[in-house]
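Since the structure comes first, as structure tokens, the remarks are kept for the end.
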Amino acid sequence: MIEKKRSSTNLTSVTEKVMPKFLLAIATISILTTLGIVITLLTETINFFKDVPFLDFYTGTILNPLGDDAQFGVLPLLTGTIYSTVIAMFVAIPVGLMAAIFLSEYASDKVRRILKPILEILAGIPTIVYGFFAYTFVTPLLRSFIPALDPTNILSPGIVMGIMIIPMVASLSEDAMSSVPNSMREGALALGSTKLEVTWKVVIPAAISGVIASFVLGISRAIGETMIVAIASGSNKDFTFDLTQSMQTMTAYIVEVTGGEAPAGSTIYYSLYAVAMTLFVFTLIMNLVAQYISRKYREEY
Amino acid sequence: MAVLSDRENKKVTNIDRDGNQVDNKKIVYDTKDLNLWYGGDQALKNINLSIYENEVTAIIGPSGCGKSTFIKTLNRMVELIPVVRISGDIRYREKSILDKSYTVEDLRTKVGMVFQKPNPFPKSIYDNITYGPRIHGIKNKAILDEIVERSLRGAAIWDEVKDRLKENAYGLSGGQQQRLCIARCLAIEPDVILMDEPTSALDPISTLKVEELIHDLKKDYSIIIVTHNMQQAARISDKTAFFLNGEVVEFDVTDKIFSNPKDNRTEDYITGRFG
Amino acid sequence: MAVLSDRENKKVTNIDRDGNQVDNKKIVYDTKDLNLWYGGDQALKNINLSIYENEVTAIIGPSGCGKSTFIKTLNRMVELIPVVRISGDIRYREKSILDKSYTVEDLRTKVGMVFQKPNPFPKSIYDNITYGPRIHGIKNKAILDEIVERSLRGAAIWDEVKDRLKENAYGLSGGQQQRLCIARCLAIEPDVILMDEPTSALDPISTLKVEELIHDLKKDYSIIIVTHNMQQAARISDKTAFFLNGEVVEFDVTDKIFSNPKDNRTEDYITGRFG
Amino acid sequence: AACGNGASTEEESNTGSGDSNEEETALEGSVVIDGSGTVYPFMAKMAENYMTENEEVSVEVSRAGTSAGFEKFLVAENGTDFNDASREIKDEEAAKADELGIEYKEFQVALDGLTFVINKENDWATEMTQEEVVKIFLAEGGVTKWSDINPEWPAEEIKPMGPNENHGTNEFMFETIMEEKDFVDSVNLQQEYSTLVDLVSKDKNAIAFFGYGYYDSNKDKLNAVNVDFGNGPVAPSLDTIGLDDAAAYKPFTRPVFTYLNVGMAKEKPQVLDYAIYAMENAQTVASETGFAPLKDEVIQESISFLEGLK
Amino acid sequence: MKYVNVEQVQKKMGSRLFANNLAKGLFLLATLFGLVILLTLIYRVYTDSIGWIDFQFITSKLSTTAERAGIMGAIAGTLWLMVVVAPVTMFLGVGTAIYLEEYAKNGKLKSIIQTNISNLAGVPSVVFGILGLTVFVRSFELGNIVLAGGLTMSLLVLPIVVVASQEAIRAVPQYLREASYGMGATKWQTIKNIVLPAAIPGILTGLILSLSRAIGETAPLVVIGIPALLIPLPDGIFDKFTVLPMQIYYWTVDSALVAEYANLAAATIVVLLIVLFLMNSIAIIIRNKFQNRF
Ligand SMILES: Nc1ncnc2c1ncn2[C@@H]1O[C@H](COP(=O)(O)OP(=O)(O)OP(=O)(O)O)[C@@H](O)[C@H]1O
Ligand SMILES: Nc1ncnc2c1ncn2[C@@H]1O[C@H](COP(=O)(O)OP(=O)(O)OP(=O)(O)O)[C@@H](O)[C@H]1O
Ligand SMILES: [Mg+2]
Ligand SMILES: [Mg+2]
Ligand SMILES: O=P([O-])([O-])[O-]
């Protein structure tokens, strides 16, 4: 009976041939997405550089996209982005790494089972909520210590961004540290090391690639973070190095300009793409670096 | 059964002590009614053993009998397992090491350990050896260099690695790695060295080298070695303890154990009838 | 060495064929100079075997000798491993199955397989059995019910599960799961059943049940069974092939192999001198 | 897409015009409004009120700013129906409308007074002359510290701020009040009015300009500068910026507008209906949202224009 | 001669142990820091929302008057957005995962797709917004409707579903596939009947996590343009819409204008966090329930 049925199932063999191709087509959507991003950004960026010379854009310290004498220097945005990222990493790296060490080296199973999900919750909170928190809580709080702080400034969103990134650094570093074989720890403990010494001199050096990769991913995340800065750091486009002041990041600029809905075809509209392109390249490099680091050193032990 | 072996343990220990007072050697380790549980499972039962200076003491027994557990109790490494509970007493150089007041780091500085699987740090050979001295505060480069050479010579591996001290220890063969681990242990100038099947992951030639090394080390250190390999125990140890189901069935001079065991379970094991 | 065993293989096969023409049974499988490589490692070397209808053929040999590889070649399951390369020929019912034109799905419908570890699907018992018939297009509920009962009866497990057909197969004991897998295999009404150590994960009582079952199945199916267990091979098989390092050392009527092997490597293995 | 929409609704209105008295036929569809942030509270309130009466119509209000809004208003396809503006349409913008063939109509919706706001703790600069207050924002004004205006005032840096160039308010300030002279370098121009309110409410030395409405709803956080136009200091209020031609705050007042795409109003009955509704209710909503209401004549004129489109 | 001087070791021991204990405390503090922030954040938001979050708030439409304003529109918009995102990501994500795990040979193409997916996961969401604005809103002339926002979001969260599905598919034991092949099943039959049913809990977990990411994302929607005031409820995926985080954004930004808007923002955050918490709980329940089944 099955014998007979078998030969009549031509349909299956067609499905069998079509399915891999169909699924490949679906899988290429992700590549198309990347291509879409690159092409979109690139086309309009090229248009932008027809209006504004490449060098003027990347060396210009004046960003004044709207006035009659519009000027497009991206340096104010770059400083804003770099500042917020550096501040964020000053928070996220030490706290994240210490939390990772605690969870991986010191915490008992039970404690870890309680604390890790809390960190995960922190990672799942939408950034808009962090933005609200930065603007309505952290800034006023900081201003009670630092009266010179502007109501919108780069410091507060930087710190909150750091808090947002802590779980990411902590969880990726913890993964890297947990995958260091126990025999390594035992070897060090048997030589009379304290836990701190084991962690610092054996576990972290052994896990260093994963740990650094977590930092780099954190940086990438900070560079691309949008809503926190859009809400809490204002839109000041001055080229300044003062962290008590409002500074605009690349992401916040994009939100401002699209929020103001720049019309297609204007230089300011193209500037949106040039900034986005810069942002995209920055984060892409960071992601590739992170992948390279973790791949290169993965097979260490 | 428990009563029986208990009695036997005592006897063994007495004989052993008597036998050794003649040698005039000092006792390094002395365990008294040592019991250990993993959660509800008892892994060590009333262990009473005395281990003497500058001897090689072998621990033999079938898989799961508690050999590793016992040896890891001697430097309190078992404490890393959260479910472990211990009763009884262990005296090292006459001080009770199970005491809260005894710092484990201190104990482990005096009692080195070599593991079944070579576990060098993923660092250079040089850094592997100097790890211990450094954490104990030695920073002087000249002294460290001296320690490295002496330890590597002590572990009979100096000639093989002296030209590649800066290379990663993972580039060494398994046998070399194990000797490196022994050298790393020597670098902190321990009093006792614990070894848990140090050759079981090695090829015969490397095994031979490590065995020779152990023989040499005996002059300066007291060594306690766990082994699956009866021939090895016979070749290198002065005393042998036979463990079974967490108990010490017999503990005596190695020659006696192998030629003329008192307990017929020992005999069965040695002649390969089980295990 | 290769030359030697090659010659021997030929001899074995010839004798075998001759011996069986008397029985007047048809050949189900016939392999010719079958070689198989995993990447660069050769796992099967010049296999020449003929397997007859309604017999139980046992494949024995030490671990890693290629037993599983061989049996998985017979239903082209080895193809799932990307690095596999095959040369030579396998004829099933006189058609070369290594031919591109031979559809594997077709082959596997005729040649069922039972694995070492019971591997029921995480579905109900009923769905496990009907899985095969359904994918082959049988949808009629009454027919499916009929198939389920017949297959489960055929695998001697009907009485144990008939009241819980809708329950998940993972709720069964290991032995029941294995018989379920056999039933699942019977449901597609195969011609040959391949079994790769079907009892090695089972307790003695379950093993006995499966062995009895194999004995019964012989009437309707040709069975090729890999086993580690010499006694089992002796108990249940008509012919036995002894594999070593990817070669067939000896293939003969089981009684002969066990009572009077021609090759002394076979003898060594059967008497437990290695493996 | 807009064309397709237009065609079908045109048909409807044609058939509808047969029985012209039936004005009660339920309207539906959407009305899209963008433009001035100054006018936004007025328009948002208006839209909300309208929608409670016309549930099937969706009136979307955004606030990209007057100029940015005009860019969305003056496009060939899918333009907005209304653009709110806190200044009159510029020549370039009008030219672009011609080019695209967009017929638009300007409506005044209310009166606004440009208000200069300072921090509550600022107890010195509560009154300034017109010239003084403008000087703060001028590049050539030569004022960086309060003491530059009045030696008795603190010798602290002034922090001038205002809406950015997206906003008509910025252009009104620049073109009308500052007579097209450059802004001082230190001026902090923001996209969001709320940011300005916040900045000023938290900074003793800040001074910002924006529409009266934003001051009105933040009186508890900010103080307004009383400006002396020659006849003594005048506090901005609905009265002083209002109706009367002789209103005391007049020099700093301006009408605010909405621009209607007339083509859309003809195509889409809901747009026209909303326009009429907005005019009829402009006075009430204006006073609710911090604007001075227009005179009746202006309103009537607009309404009769719109009725003419029916 | 001894280099490791016992006395010296002893002397140093005290400070080493102290450093260890100190560090342990510090590490614990760092870990608890996250907890403290979480509690502060929740406390702040909660106290700001007291008195504002009630039935009326949930069920009313948007209004410029704080007392009358509600988030029904944002809730409806969020739901419609999910109606687009869930099937699209599920389809694309699972399809990609099946291709990568079951069909793709270990070659260049596979590694390109794989690398591409992990890079895509790191592209800032605001850049996806620009993609959505340029492609869906403008080129396809969809305008800023649910469909355009949903497609943008789908691409944004696609990597999450792909990676989760890949892991789920990889976790299906090979012996189940072998059993199916062994009965003459074709590859696709095996995938459809054996692999996918066994992988579905893992896939669902990934889907829920990606949806909760999509629910909380704001930046891409700001970029594709959501009206500040949109009162009518969306009726389908071709309507304009607003979502919970957009409402939080506008109310936060406008809070200087009308102080009570900050309370509305806080109340909306509470609702959003509750929704996310529920979704994550479901994901965890699914994960725990079906863990280690094989
Ligand atoms: N971490 C642990 N948790 C629970 N039980 C354990 C643990 N480690 C060992 N045991 C149990 O304690 C008993 C003794 O184990 P141990 O490792 O000491 O045996 P062994 O003699 O070293 O065996 P082998 O020769 O296989 O190394 C065994 O029954 C084992 O199962
Ligand atoms: N997937 C694979 N890739 C590479 N080599 C393999 C693979 N599977 C098996 N081999 C190698 O092929 C040889 C034969 O393996 P096979 O599994 O057939 O042995 P076996 O006789 O079934 O052994 P056992 O009794 O342990 O099951 C072994 O050397 C094995 O290492
Ligand atoms: Mg052991
Ligand atoms: Mg096998
Ligand atoms: O927002 P504006 O009214 O200044 O354009």
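Every chain in the structure tokens has a letter given in the order shown (A, B, ...), and although residue numbers restart at 1 in each chain, ligands are simply numbered from 1 in the order shown.
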Discussion item. I'd like the contact shell of E:Leu209 - 8 Å cut-off, only C-alpha atoms, skipping same-chain residues fewer than 5 positions apart - returned as an NGL selection string.
Written reply: :E and (160 or 279-280 or 283)
Restricting the output to N, CA, C and O atoms, write the selected residues as a PDB file, in the first residue's frame.
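Generated file (again-v9.pdb):
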ATOM      1  N   ILE E 160      17.047  39.100  16.102  1.00  0.00           N
ATOM      2  CA  ILE E 160      16.719  38.434  17.365  1.00  0.00           C
ATOM      3  C   ILE E 160      16.023  37.110  17.087  1.00  0.00           C
ATOM      4  O   ILE E 160      16.351  36.074  17.656  1.00  0.00           O
ATOM      5  N   MET E 279       5.043  40.011  28.954  1.00  0.00           N
ATOM      6  CA  MET E 279       5.557  39.295  27.786  1.00  0.00           C
ATOM      7  C   MET E 279       6.805  38.491  28.142  1.00  0.00           C
ATOM      8  O   MET E 279       6.954  37.343  27.744  1.00  0.00           O
ATOM      9  N   ASN E 280       7.700  39.122  28.906  1.00  0.00           N
ATOM     10  CA  ASN E 280       8.920  38.409  29.268  1.00  0.00           C
ATOM     11  C   ASN E 280       8.628  37.230  30.186  1.00  0.00           C
ATOM     12  O   ASN E 280       9.274  36.194  30.093  1.00  0.00           O
ATOM     13  N   ALA E 283       7.627  34.480  28.063  1.00  0.00           N
ATOM     14  CA  ALA E 283       8.797  33.891  27.404  1.00  0.00           C
ATOM     15  C   ALA E 283       9.545  32.977  28.353  1.00  0.00           C
ATOM     16  O   ALA E 283       9.946  31.868  27.996  1.00  0.00           O
TER      17      ALA E 283
END
Practice prompt. Fewer than 5 positions away in the same chain doesn't count, so skip those; otherwise give me all residues within 12 Å of E:Ser125, counting only C-alpha atoms, as a ChimeraX atom specification.
Written response: /A:37,127,220-227,251,254-255,276,279-280,283 /E:120,130-132,152-157,213-214,216-224
Item to complete: Determine the nearest neighbour of ligand 1 from the options B:Gly154, B:Gly246, B:Gly132, B:Gly171, counting only C-alpha atoms and all ligand atoms.
Response: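 Ranking B:Gly154, B:Gly246, B:Gly132, B:Gly171 by distance to ligand 1, first place goes to B:Gly246.
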Item to complete: Check every protein, DNA and RNA residue against ligand 4, keep those with an atom at most 8 Å away (counting only C-alpha atoms and all ligand atoms), and present them as a list in words.
Response: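 Written in the requested form, the residues are Ser63, Gly64, Gly66, Lys67, Ser68, Thr69, Gln116, Asp196, Glu197 and Val226 of chain C.
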Discussion item. Ligand 5: which residues are within 6 Å, counting only C-alpha atoms and all ligand atoms? Reply as a PyMOL selection string.
Written reply: chain D and resi 36-39+65-66+85-86+167-170
